[in-house]
Each structure stands twice: as C-alpha cells, then as structure tokens.
Amino acid sequence: MEEISKFIGLDLELDKELQEIIELACAMCQVPIALISFLDAKTQYLKVKKGMDADGAPSYLRKDTFCTHTLKQDDVMIVPDSFKDPRFSNNPVIMGETGIHFYAGTPLVTSKGQKIGTLCVLDHQPGDLTEQQQNMLKIIAKQAIRTIELKLKAIQLEESIKDIESKQDFFNDASIRLRSFFESSTNFHVLLGKHGELIDFNKTAFKFVKNAHKTNMKRGDIFVKYIAPDFVGKFIDGYCMALNGEKHVEEGSTDYGPLGLIYWDATFEAAYDNDNNIIGISYIIRDVTERNVREKKIMEQNESLMAIAHMQAHEFRAPLTTIMGLIDLIKDDDYNLSQTYLEHLDQAVQNLDSKIKHIVSDINRVTAN
C-alpha cells in the first residue's frame with residue numbers, strides 16, 4: 001500500500017496528456033465516458049475523467065465499484081448491461097439517476113507489477129467491445145500507467161533535487177563554520193592521509209612552516225619532511241598509533257634557530273569518515289613556550305625562596321638566643337631590670353629586626369624577577 005499512496009497523492013485531474021489518453025479511449029470504444037482511477041484497500045479515487053460532471057464525487061467506496069472486480073483479473077472486464085448483471089443490479093452508485101449500463105475496464109499495472117487502478121470506459125446504454133477494441137484498450141492502459149509513472153518519477157526527482165539542494169546548503173554552511181573554526185585556531189593543525197600525505201592545514205600551520213622552513217606547505221606533500229630530524233621517530237610512532245584508533249600525546253622542545261627554542265605538545269588522533277572508517281589522522285601542535293617559561297620561573301623563585309629561608313633561619317638563631325638568655329636572667333633576678341640587661345635586649349631586638357627586613361627585601365627581589 002506504500003506505493004499506491006504515492007499515486008493517489010498525484011494531482012492528475014488537469015493533466016493534458018492523460019486527458020488525451022482517455023479521450024482516445026472514448027473515441028476508440030465509441031462511448032461518452034472514460035476514467036482513470038486508483039484503488040486502495042477501501043476507496044476508489046477518480047483521478048482523470050471525461051464525460052462525467054467535473055464537480056461530481058471524487059471517490060467512492062471500493063465495494064460499490066466495477067473496478068474492484070476488474071482488479072481481480074488481468075484482462076479486460078466487460079459488463080454489457082449492469083442492470084441485468086446480478087453483481088451490480090442492486091448497486092445504488094451504479095444504478096443512480098443517470099444509470100451506467102455498459103462498463104469495460106482493464107487494470108493499470110505498474111512496472112513493479114502492482115495493480116493500482118483501472119482505465120475504464122462507460123455508457124448509459126448497453127454495449128460491448130470487439131476484440132480489436134479490447135486490445136486497443138489494454139494498449140492505451142499501458143500508455144496511461146507509463147505516463148503516470150513518469151510524472152511520479154519527475155515529481156520525486158524534483159523533490160530529491162530540492163532535498164539535495166537543501167542538504168547542500170546545510171553542508172556548505174557547516175563547512176564554512178567548520179573551516180572558520182579550523183582557521184581561527186592558534187594551534188598548528190594538519191589533517192594527514194593514510195600514507196602520510198597532507199590533506200589539509202590551517203593558516204597557523206602554513207605560516208609556521210613558511211617561517212621555520214622557508215617553504216610553502218602544499219596539499220599532497222609528505223608531511224614528515226616538515227618534522228625536526230630528532231622527532232621523526234616519535235612522530236611516526238604517534239602517527240601509527242592514531243591510524244590504529246589510539247590517541248597519543250607527545251611533549252618536548254625544538255630549537256628553530258631564528259625562531260628560538262619552542263616548547264610544544266603534540267596530539268595525534270584518528271580522523272573518521274561518515275561510516276566511522278579511519279581515513280587518516282588529525283595532528284595538532286600547541287605552542288606551550290610561554291607556559292613552560294612561566295612554570296620554570298615559578299620553580300626558580302621557589303628554589304630561591306627556600307634557599308633564603310634556609311640561610312636566614314640560621315641568622316635568626318643568634319639574636320633569638322641572646323633575647324631568650326636575657327629573659328632567663330631577668331626571671332632569675334625576680335624581674336629587676338638592670339641597665340645592662342636593657343641595653344643587651346635592645347641590641348638583640350634591633351639585630352632581629354634588621355634580619356627580618358633583610359629577608360623581606362630578598363623575597364621581594366626574587367618575586368619581582
């Protein structure tokens with residue numbers, strides 16, 4: 001029923017070619033009425049008609065129609081006089097006000113072999129068809145179904161083209177956004193094929209290779225020629241791991257001469273197509289020189305502070321020992337302070353204060369660098 005629904009949805013009422021076909025059927029069979037109709041499980045749909053009121057019913061219950069019986073056979077079905085045929089003599093649709101006495105119809109069979117409807121001719125008077133007229137009616141029916149199938153395919157093709165154009169617009173938009181994201185990255189990013197060839201690269205990668213190697217990177221190049229010699233082995237290992245679907249990360253540094261020493265981390269990841277097949281790898285390098293320099297500076301500062309603390313801790317000991325000794329003497333004298341004790345205590349406090357200021361000065365100097 002999925003295929004018949006496509007035909008039922010067609011707007012064929014005013015189709016010029018099909019109108020000519022049913023006019024030919026009327027002329028050939030010498031009758032005033034001809035119809036092309038489609039039938040689903042419950043309903044008969046009148047799609048093209050001649051000799052019937054254009055404003056008449058567009059459909060009927062299938063059980064009340066001649067065409068239901070026509071689809072049960074492969075040849076032309078003829079009803080010379082429905083008023084005398086027990087199958088139709090009590091049918092209100094057929095007997096009606098005008099009354100249909102004569103009917104001849106043949107199935108419309110698609111190229112896939114499905115019977116979807118009929119081409120039929122009718123008259124208000126009893127009648128019959130010669131063998132030649134029956135053969136011509138079958139030929140006309142074949143022409144009708146071929147015309148209808150072509151129109152359906154044309155509509156489906158037009159819908160497919162619109163769908164493709166819509167998807168193309170979507171993919172173009174997605175491609176622009178992806179390319180924008182790719183190009184806006186400050187990381188060195190290249191896409192490599194399964195044989196190490198360059199599929200694509202961003203501006204950051206292009207500019208770096210041009211500055212570092214004095215050459216323009218091109219699609220199709222074997223990328224390994226742009227790798228520092230001492231990193232080639234690790235690069236190949238990471239590349240092979242990514243081709244096997246395993247993400248890999250390397251860290252290191254390279255001296256690029258005029259560009260200086262650059263610290264980096266490199267990520268190798270598999271690149272997949274829409275069917276989830278690995279087609280190459282994504283290779284991204286981040287410049288972490290600034291981070292490394294900052295971390296190194298922090299480590300050096302920490303080491304300097306530890307050294308300062310270690311050295312100054314020993315220098316605190318002398319004035320503190322003096323202060324503690326003087327306090328013990330004062331306690332022994334029942335807190336009677338002599339001039340000598342006060343002078344020694346004052347000197348020890350000044351020495352301690354001097355040491356503290358010196359340490360603070362050293363710390364400020366280290367952290368400022």
# chains A, B, ... in the order shown; residues from 1 in each chain; ligands from 1

$ residues_around --residues "Arg146 (chain A)" --least-positions-apart "4" --cutoff "12 Å" --atoms "only C-alpha atoms" --output "ChimeraX atom specification"
/A:17-18,21,108-112,139-142,150-153

$ atom_distance --atom1 "CA of Phe201 (chain A)" --atom2 "CA of Ile164 (chain A)"
28.3 Å

$ select_by_dssp --residues "region 5-231 of chain A" --states "strand (DSSP E or B)" --output "ChimeraX atom specification"
/A:33-39,43-50,59-61,77-79,102-109,115-123,188-193,197-201,222

$ residues_around --residues "region 8-11 of chain A" --least-positions-apart "2" --cutoff "8 Å" --atoms "only C-alpha atoms" --output "number ranges by chain"
A: 4-6, 13-14, 38, 45, 47, 152

$ residues_around --residues "Gln125 (chain A)" --least-positions-apart "2" --cutoff "7 Å" --atoms "only C-alpha atoms" --output "ChimeraX atom specification"
/A:101-102,123,127

$ write_last_selection --atoms "C-alpha atoms" --output "PDB file, in the first residue's frame"
ATOM      1  CA  HIS A 101     -25.453   0.168 -18.261  1.00  0.00           C
ATOM      2  CA  PHE A 102     -22.166  -0.597 -20.041  1.00  0.00           C
ATOM      3  CA  ASP A 123     -22.016   4.239 -21.319  1.00  0.00           C
ATOM      4  CA  GLY A 127     -22.895  -2.209 -25.226  1.00  0.00           C
TER       5      GLY A 127
END

$ residues_around --residues "Thr215 (chain A)" --least-positions-apart "3" --cutoff "12 Å" --atoms "only C-alpha atoms" --output "PyMOL selection string"
chain A and resi 205-212+218+221+225-226

$ write_last_selection --atoms "C-alpha atoms" --output "tab-separated table (two decimals), in the first residue's frame"
chain	number	residue	atom	x	y	z
A	205	ALA	CA	50.42	25.65	10.26
A	206	PHE	CA	51.09	27.27	6.89
A	207	LYS	CA	52.68	30.38	8.41
A	208	PHE	CA	54.84	28.39	10.83
A	209	VAL	CA	56.23	26.10	8.10
A	210	LYS	CA	56.92	29.12	5.90
A	211	ASN	CA	58.83	30.88	8.71
A	212	ALA	CA	60.63	27.81	10.03
A	218	LYS	CA	51.05	22.22	-0.14
A	221	ASP	CA	53.07	16.89	0.42
A	225	LYS	CA	59.65	16.35	5.65
A	226	TYR	CA	58.49	19.26	7.84

$ atom_distance --atom1 "CA of Tyr239 (chain A)" --atom2 "CA of Asp273 (chain A)"
17.6 Å

$ decode --residues "region 6-30 of chain A" --atoms "N, CA and C atoms" --output "PDB file, in the first residue's frame"
ATOM      1  N   LYS A   6       1.497   6.789  -3.055  1.00  0.00           N
ATOM      2  CA  LYS A   6       2.232   7.786  -3.845  1.00  0.00           C
ATOM      3  C   LYS A   6       1.427   8.195  -5.077  1.00  0.00           C
ATOM      4  N   PHE A   7       0.741   7.226  -5.704  1.00  0.00           N
ATOM      5  CA  PHE A   7      -0.045   7.527  -6.897  1.00  0.00           C
ATOM      6  C   PHE A   7      -1.316   8.299  -6.535  1.00  0.00           C
ATOM      7  N   ILE A   8      -1.950   7.902  -5.433  1.00  0.00           N
ATOM      8  CA  ILE A   8      -3.178   8.580  -5.016  1.00  0.00           C
ATOM      9  C   ILE A   8      -2.912  10.060  -4.737  1.00  0.00           C
ATOM     10  N   GLY A   9      -1.730  10.366  -4.242  1.00  0.00           N
ATOM     11  CA  GLY A   9      -1.387  11.751  -3.917  1.00  0.00           C
ATOM     12  C   GLY A   9      -1.113  12.627  -5.131  1.00  0.00           C
ATOM     13  N   LEU A  10      -1.044  12.036  -6.325  1.00  0.00           N
ATOM     14  CA  LEU A  10      -0.763  12.823  -7.528  1.00  0.00           C
ATOM     15  C   LEU A  10      -1.975  13.661  -7.934  1.00  0.00           C
ATOM     16  N   ASP A  11      -1.730  14.883  -8.382  1.00  0.00           N
ATOM     17  CA  ASP A  11      -2.781  15.760  -8.894  1.00  0.00           C
ATOM     18  C   ASP A  11      -2.801  15.621 -10.420  1.00  0.00           C
ATOM     19  N   LEU A  12      -3.733  14.823 -10.939  1.00  0.00           N
ATOM     20  CA  LEU A  12      -3.744  14.482 -12.361  1.00  0.00           C
ATOM     21  C   LEU A  12      -4.976  15.002 -13.094  1.00  0.00           C
ATOM     22  N   GLU A  13      -5.886  15.609 -12.385  1.00  0.00           N
ATOM     23  CA  GLU A  13      -7.183  15.977 -12.943  1.00  0.00           C
ATOM     24  C   GLU A  13      -7.062  16.801 -14.227  1.00  0.00           C
ATOM     25  N   LEU A  14      -6.117  17.737 -14.237  1.00  0.00           N
ATOM     26  CA  LEU A  14      -5.998  18.639 -15.394  1.00  0.00           C
ATOM     27  C   LEU A  14      -4.789  18.299 -16.276  1.00  0.00           C
ATOM     28  N   ASP A  15      -4.250  17.094 -16.099  1.00  0.00           N
ATOM     29  CA  ASP A  15      -3.069  16.726 -16.881  1.00  0.00           C
ATOM     30  C   ASP A  15      -3.445  16.548 -18.357  1.00  0.00           C
ATOM     31  N   LYS A  16      -2.780  17.272 -19.229  1.00  0.00           N
ATOM     32  CA  LYS A  16      -3.137  17.291 -20.651  1.00  0.00           C
ATOM     33  C   LYS A  16      -2.911  15.934 -21.310  1.00  0.00           C
ATOM     34  N   GLU A  17      -1.804  15.296 -21.054  1.00  0.00           N
ATOM     35  CA  GLU A  17      -1.502  14.018 -21.697  1.00  0.00           C
ATOM     36  C   GLU A  17      -2.504  12.938 -21.312  1.00  0.00           C
ATOM     37  N   LEU A  18      -2.866  12.877 -20.046  1.00  0.00           N
ATOM     38  CA  LEU A  18      -3.818  11.873 -19.596  1.00  0.00           C
ATOM     39  C   LEU A  18      -5.227  12.175 -20.093  1.00  0.00           C
ATOM     40  N   GLN A  19      -5.574  13.447 -20.229  1.00  0.00           N
ATOM     41  CA  GLN A  19      -6.858  13.803 -20.824  1.00  0.00           C
ATOM     42  C   GLN A  19      -6.934  13.313 -22.269  1.00  0.00           C
ATOM     43  N   GLU A  20      -5.842  13.462 -22.998  1.00  0.00           N
ATOM     44  CA  GLU A  20      -5.806  12.996 -24.387  1.00  0.00           C
ATOM     45  C   GLU A  20      -5.945  11.476 -24.450  1.00  0.00           C
ATOM     46  N   ILE A  21      -5.352  10.784 -23.456  1.00  0.00           N
ATOM     47  CA  ILE A  21      -5.425   9.321 -23.438  1.00  0.00           C
ATOM     48  C   ILE A  21      -6.862   8.845 -23.236  1.00  0.00           C
ATOM     49  N   ILE A  22      -7.585   9.456 -22.286  1.00  0.00           N
ATOM     50  CA  ILE A  22      -8.956   8.971 -22.058  1.00  0.00           C
ATOM     51  C   ILE A  22      -9.903   9.433 -23.180  1.00  0.00           C
ATOM     52  N   GLU A  23      -9.613  10.551 -23.825  1.00  0.00           N
ATOM     53  CA  GLU A  23     -10.391  10.951 -24.994  1.00  0.00           C
ATOM     54  C   GLU A  23     -10.202   9.942 -26.122  1.00  0.00           C
ATOM     55  N   LEU A  24      -8.941   9.463 -26.256  1.00  0.00           N
ATOM     56  CA  LEU A  24      -8.674   8.426 -27.257  1.00  0.00           C
ATOM     57  C   LEU A  24      -9.447   7.150 -26.923  1.00  0.00           C
ATOM     58  N   ALA A  25      -9.504   6.804 -25.632  1.00  0.00           N
ATOM     59  CA  ALA A  25     -10.230   5.606 -25.219  1.00  0.00           C
ATOM     60  C   ALA A  25     -11.715   5.742 -25.555  1.00  0.00           C
ATOM     61  N   CYS A  26     -12.295   6.926 -25.320  1.00  0.00           N
ATOM     62  CA  CYS A  26     -13.702   7.151 -25.649  1.00  0.00           C
ATOM     63  C   CYS A  26     -13.949   7.014 -27.153  1.00  0.00           C
ATOM     64  N   ALA A  27     -13.071   7.641 -27.931  1.00  0.00           N
ATOM     65  CA  ALA A  27     -13.238   7.597 -29.382  1.00  0.00           C
ATOM     66  C   ALA A  27     -13.080   6.174 -29.918  1.00  0.00           C
ATOM     67  N   MET A  28     -12.102   5.461 -29.405  1.00  0.00           N
ATOM     68  CA  MET A  28     -11.836   4.109 -29.882  1.00  0.00           C
ATOM     69  C   MET A  28     -12.975   3.147 -29.531  1.00  0.00           C
ATOM     70  N   CYS A  29     -13.572   3.301 -28.325  1.00  0.00           N
ATOM     71  CA  CYS A  29     -14.640   2.398 -27.866  1.00  0.00           C
ATOM     72  C   CYS A  29     -16.027   2.951 -28.189  1.00  0.00           C
ATOM     73  N   GLN A  30     -16.075   4.186 -28.725  1.00  0.00           N
ATOM     74  CA  GLN A  30     -17.332   4.811 -29.116  1.00  0.00           C
ATOM     75  C   GLN A  30     -18.312   4.918 -27.933  1.00  0.00           C
TER      76      GLN A  30
END
